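A.B. asks: Structure in structure tokens, see below.
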Amino acid sequence: MGRIAGRFTRVEPRRRAARLVLGLLSDLSRKNCWTIAEWAGETTPDGMQHLLGRAKWDADQVRDDVCGYVVEHLHDDQAVLVVDETGDVKKGTVTVGVQRQYTGTAGRIENSQVAVHLVYAGQRGHAAVDRELYVPRSWTSDPDRCRAAGLAEETSFATKPDLAVRMVARFLDAGHHASWVAGDEVYGGNPKLRTALEERGTGYVLAVACSHEVATGAGKFRADILATKVPKRAWQKLSAGAGAKGHRFYDWAVIDLADPRPGSRQLLIRRNRSTGELAYYRCHSPASVPLTELVRVAGSRWRVEEFFQSGKGLAALDEHQVRRYTSWSRWVTLAMLAHAFLAVVRADEHTRPAPDALIPLTCNEIQRLFITLVVRPAHDTAHRLGWSNWRRRHQARSQTSHYRQQATRA
């Protein structure tokens with residue numbers, strides 16, 4: 001919190017931001033301005049709501065601080081930037097960026113809000129360093145709607161790969177270094193993203209569809225057609241990294257691609273050793289690298305999935321109940337900071353040998369110990385009763401307003 005303290009001109013929002021971050025790390029079953037304010041000892045949620053919506057501080061500056069904090073403590077010369085999106089199911093049409101769209105969270109098309117995240121993945125750990133809200137065309141084509149949701153006047157439509165380009169450029173322009181970028185088919189199938197990375201001299205291993213066409217010395221082929229031409233001796237059994245149940249072994253093959261531009265380009269093919277299912281990746285590196293390095297980068301993509309799971313489960317990344325862009329960006333940025341704290345503590349703990357018969361501390365266990373031993377608040381009966389009265393008073397006002405609206409319609 002000391003790292004971001006200078007982003008607040010007044011002491012009140014700075015202290016409240018600290019309480020909000022602790023609340024995000026708490027063991028509350030549900031985390032929003034109401035529950036966190038009560039947990040933190042405040043008498044109403046007004047202060048927390050003011051912090052997110054109206055207080056003067058720049059979430060983008062705090063985002064840059066989070067990025068610097070992560071890179072400093074999780075530094076790795078061979079780090080991979082992993083880009084991916086996540087969706088939060090929402091009701092109504094007023095919440096910024098919401099529309100009916102596919103979200104992997106639900107596994108189907110739902111009324112949802114989608115954000116793209118950039119995760120720094122190194123040997124010591126991983127954490128998010130940037131975020132961008134995906135604003136659909138249905139929003140950018142309606143300036144009044146964007147204005148009401150707090151979006152900037154110059155907001156224009158940007159695809160998810162466009163947002164990825166923006167975040168990677170911001171990371172590199174800040175003076176940070178990452179050797180590789182990884183992502184799924186949404187990003188691998190976008191030539192603009194691949195070109196932008198190549199122009200910066202940044203390597204990538206990006207998933208592509210089986211129908212994706214690539215150029216070889218023998219002509220242009222679909223990825224799945226090329227896979228049938230790979231001889232048996234070309235497949236190698238390699239680990240894509242350690243998972244919860246040990247190393248994740250697959251069969252891998254690589255095919256060189258024809259391209260007159262500088263750099264090395266390949267099509268990487270992964271085969272499941274049990275089912276035979278194939279996956280395909282477009283690869284580029286400024287200089288030739290061994291297959292094991294491409295496999296390592298491809299295997300790093302799961303880190304973003306782990307971030308979404310722990311970021312939502314431990315730091316309430318998806319529990320924001322806000323409608324305007326400013327509040328969304330502030331909540332998500334502080335949730336990223338809370339998760340980064342856990343990731344950094346975990347990395348430091350893993351430098352020490354664990355006691356016999358114990359696994360090293362996980363982020364889940366660090367959060368549990370931190371809240372239990374360090375910051376668990378203790379509130380008296382008057383505080384609990386005061387919040388009960390506040391909730392019931394607020395609900396009574398809402399109920400009266402609802403009945404009046406019904407009477408007017410009748």
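Please note that chains go A, B, ... in the order of the structure tokens, that every chain numbers its residues from 1, and that ligands are numbered from 1 in the order shown.
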Mind checking which residues fall within 8 Å of Gly203 in chain A, counting only C-alpha atoms, ignoring those fewer than 3 positions away in the same chain, and posting them as a list in words?

C.D. replies: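 Selected residues are Ser179, Trp180, Val181, Leu197, Glu198, Cys283, His284, Ser285 and Pro286 of chain A.
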
A.B. asks: From a DSSP pass on the backbone, collect the residues of range 76-287 of chain A flagged as alpha helix (DSSP H) and hand them back as number ranges by chain.

C.D. replies: A: 137-140, 143-148, 160-173, 185-188, 191-199, 223-228

A.B. asks: Rounded to one decimal place, report the CA of Glu12 in chain A-CA of Met336 in chain A distance in Å.

C.D. replies: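 Value for the CA of Glu12 in chain A-CA of Met336 in chain A distance: 21.4 Å.
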
A.B. asks: Taking only residues of range 64-144 of chain A that have an atom at most 8 Å from an atom of range 292-312 of chain A, what is each one's shortest atom pair and its distance in Å to one decimal, using only C-alpha atoms, in chain and number order, as JSON lines?

C.D. replies:
```
{"residue": "A:Val80", "atom": "CA", "partner": "A:Val297", "partner_atom": "CA", "distance": 6.8}
{"residue": "A:Val82", "atom": "CA", "partner": "A:Arg301", "partner_atom": "CA", "distance": 5.9}
{"residue": "A:Val83", "atom": "CA", "partner": "A:Val304", "partner_atom": "CA", "distance": 7.3}
{"residue": "A:Asp84", "atom": "CA", "partner": "A:Val304", "partner_atom": "CA", "distance": 6.9}
{"residue": "A:Thr86", "atom": "CA", "partner": "A:Phe308", "partner_atom": "CA", "distance": 7.5}
{"residue": "A:Val119", "atom": "CA", "partner": "A:Val304", "partner_atom": "CA", "distance": 6.1}
{"residue": "A:Ala121", "atom": "CA", "partner": "A:Arg303", "partner_atom": "CA", "distance": 6.7}
{"residue": "A:His126", "atom": "CA", "partner": "A:Arg303", "partner_atom": "CA", "distance": 6.9}
{"residue": "A:Ala127", "atom": "CA", "partner": "A:Phe307", "partner_atom": "CA", "distance": 6.5}
{"residue": "A:Ala128", "atom": "CA", "partner": "A:Phe307", "partner_atom": "CA", "distance": 7.3}
```

A.B. asks: Which is closer to Ile36 in chain A than all the others in A:Thr333, A:Leu51, A:Tyr102, A:Arg19, using only C-alpha atoms?

C.D. replies: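 Among the listed residues, A:Arg19 lies closest to Ile36 in chain A.
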